[in-house]
Amino acid sequence: MPRVMIPFTQGVEEIELIAVADILRRADIDVCLASLDGQPVTGRSNIVIHADIAFANAASQTWDMIVLPGGLPNAALLAENPLLKTLAQHMAKQNKYLAAICAAPKALANFGVLNGKKVTSHPSVKNHILTSSSAVYLEQAVVDDDKVITSRGAGTAIDFSLTLVAKLTSHKQADHIRQAILA
């Protein structure tokens, strides 16, 4: 069973976190929600989200994919986290999946793992990505560049999540879920 960790903190965009966790779990993927301190977090729309574990404890485990949700200040806090940077760089070297949506691709740019990759993001962080990396920026809802998958924002969260399912399991499984949720 594939294992996915979703780190998050204050101001996380709830749709981007919950949609991803929900869709991946529908595909029988082991999903771990890791807040920075293991405590409940208040998202951008004042919805409280409970974590499964503290990020420092989750970071020492083995993961097939890390998914970074957006929202502010969540995306900025993730982009500044040295442990997450180390983990993302390690995952990239191991040819494991890194995914980010909305403003969170900014973190992947800061970590140096987007160089030469095709990416997208929320328009608010486009210039940062272009000046912080040698990424090729595309104006698409979801961009899948082998082991790096990025997406534009809350409105693209379902397509993003289904792309992650296809990468971790199969296109058939992603299509089955797409039909079941009428997406």
# chains A, B, ... in the order shown; residues from 1 in each chain; ligands from 1
>>> residues_around(residues="Ala56 (chain A)", least_positions_apart="4", cutoff="8 Å", atoms="only C-alpha atoms", output="number ranges by chain")
A: 36-37, 60, 83
>>> write_last_selection(atoms="C-alpha atoms", output="PDB file, in the first residue's frame")
ATOM      1  CA  LEU A  36       3.997  20.765  12.558  1.00  0.00           C
ATOM      2  CA  ASP A  37       3.400  20.115  16.258  1.00  0.00           C
ATOM      3  CA  SER A  60      11.543   9.926  10.122  1.00  0.00           C
ATOM      4  CA  LEU A  83      13.245  19.551   8.161  1.00  0.00           C
TER       5      LEU A  83
END
>>> residues_around(residues="Asn57 (chain A)", least_positions_apart="2", cutoff="10 Å", atoms="only C-alpha atoms", output="number ranges by chain")
A: 34, 36-38, 53-55, 59-61
>>> select_by_dssp(residues="region 19-172 of chain A", states="strand (DSSP E or B)", output="PyMOL selection string")
chain A and resi 30-35+41-42+48-49+53-54+65-68+97-101+118-119+136-137+142-145+148-151
>>> closest_atom_pairs(of="region 53-86 of chain A", to="region 107-129 of chain A", cutoff="8 Å", atoms="only C-alpha atoms", output="JSON lines")
{"residue": "A:Ala75", "atom": "CA", "partner": "A:Ala107", "partner_atom": "CA", "distance": 6.9}
{"residue": "A:Ala76", "atom": "CA", "partner": "A:Ala107", "partner_atom": "CA", "distance": 7.2}
{"residue": "A:Leu78", "atom": "CA", "partner": "A:Ala107", "partner_atom": "CA", "distance": 6.3}
{"residue": "A:Ala79", "atom": "CA", "partner": "A:Ala107", "partner_atom": "CA", "distance": 3.8}
{"residue": "A:Glu80", "atom": "CA", "partner": "A:Ala107", "partner_atom": "CA", "distance": 7.4}
{"residue": "A:Lys85", "atom": "CA", "partner": "A:Phe111", "partner_atom": "CA", "distance": 5.3}
{"residue": "A:Thr86", "atom": "CA", "partner": "A:Phe111", "partner_atom": "CA", "distance": 8.0}
>>> residues_around(residues="Thr156 (chain A)", least_positions_apart="4", cutoff="10 Å", atoms="only C-alpha atoms", output="VMD selection string")
chain A and resid 15 to 16 19 101 to 102 140 to 142 151 to 152 160 to 161
>>> select_by_dssp(residues="chain A", states="alpha helix (DSSP H)", output="PyMOL selection string")
chain A and resi 14-26+55-59+74-79+82-93+105-110+126-132+157-168+171-180
>>> closest_residue(among="A:Val136, A:Lys172, A:Ser35, A:Pro105", to="Ile49 (chain A)", atoms="only C-alpha atoms")
A:Ser35
>>> closest_residue(among="A:Ala92, A:Ala51, A:Met5, A:Ile149", to="Ala166 (chain A)", atoms="only C-alpha atoms")
A:Ile149
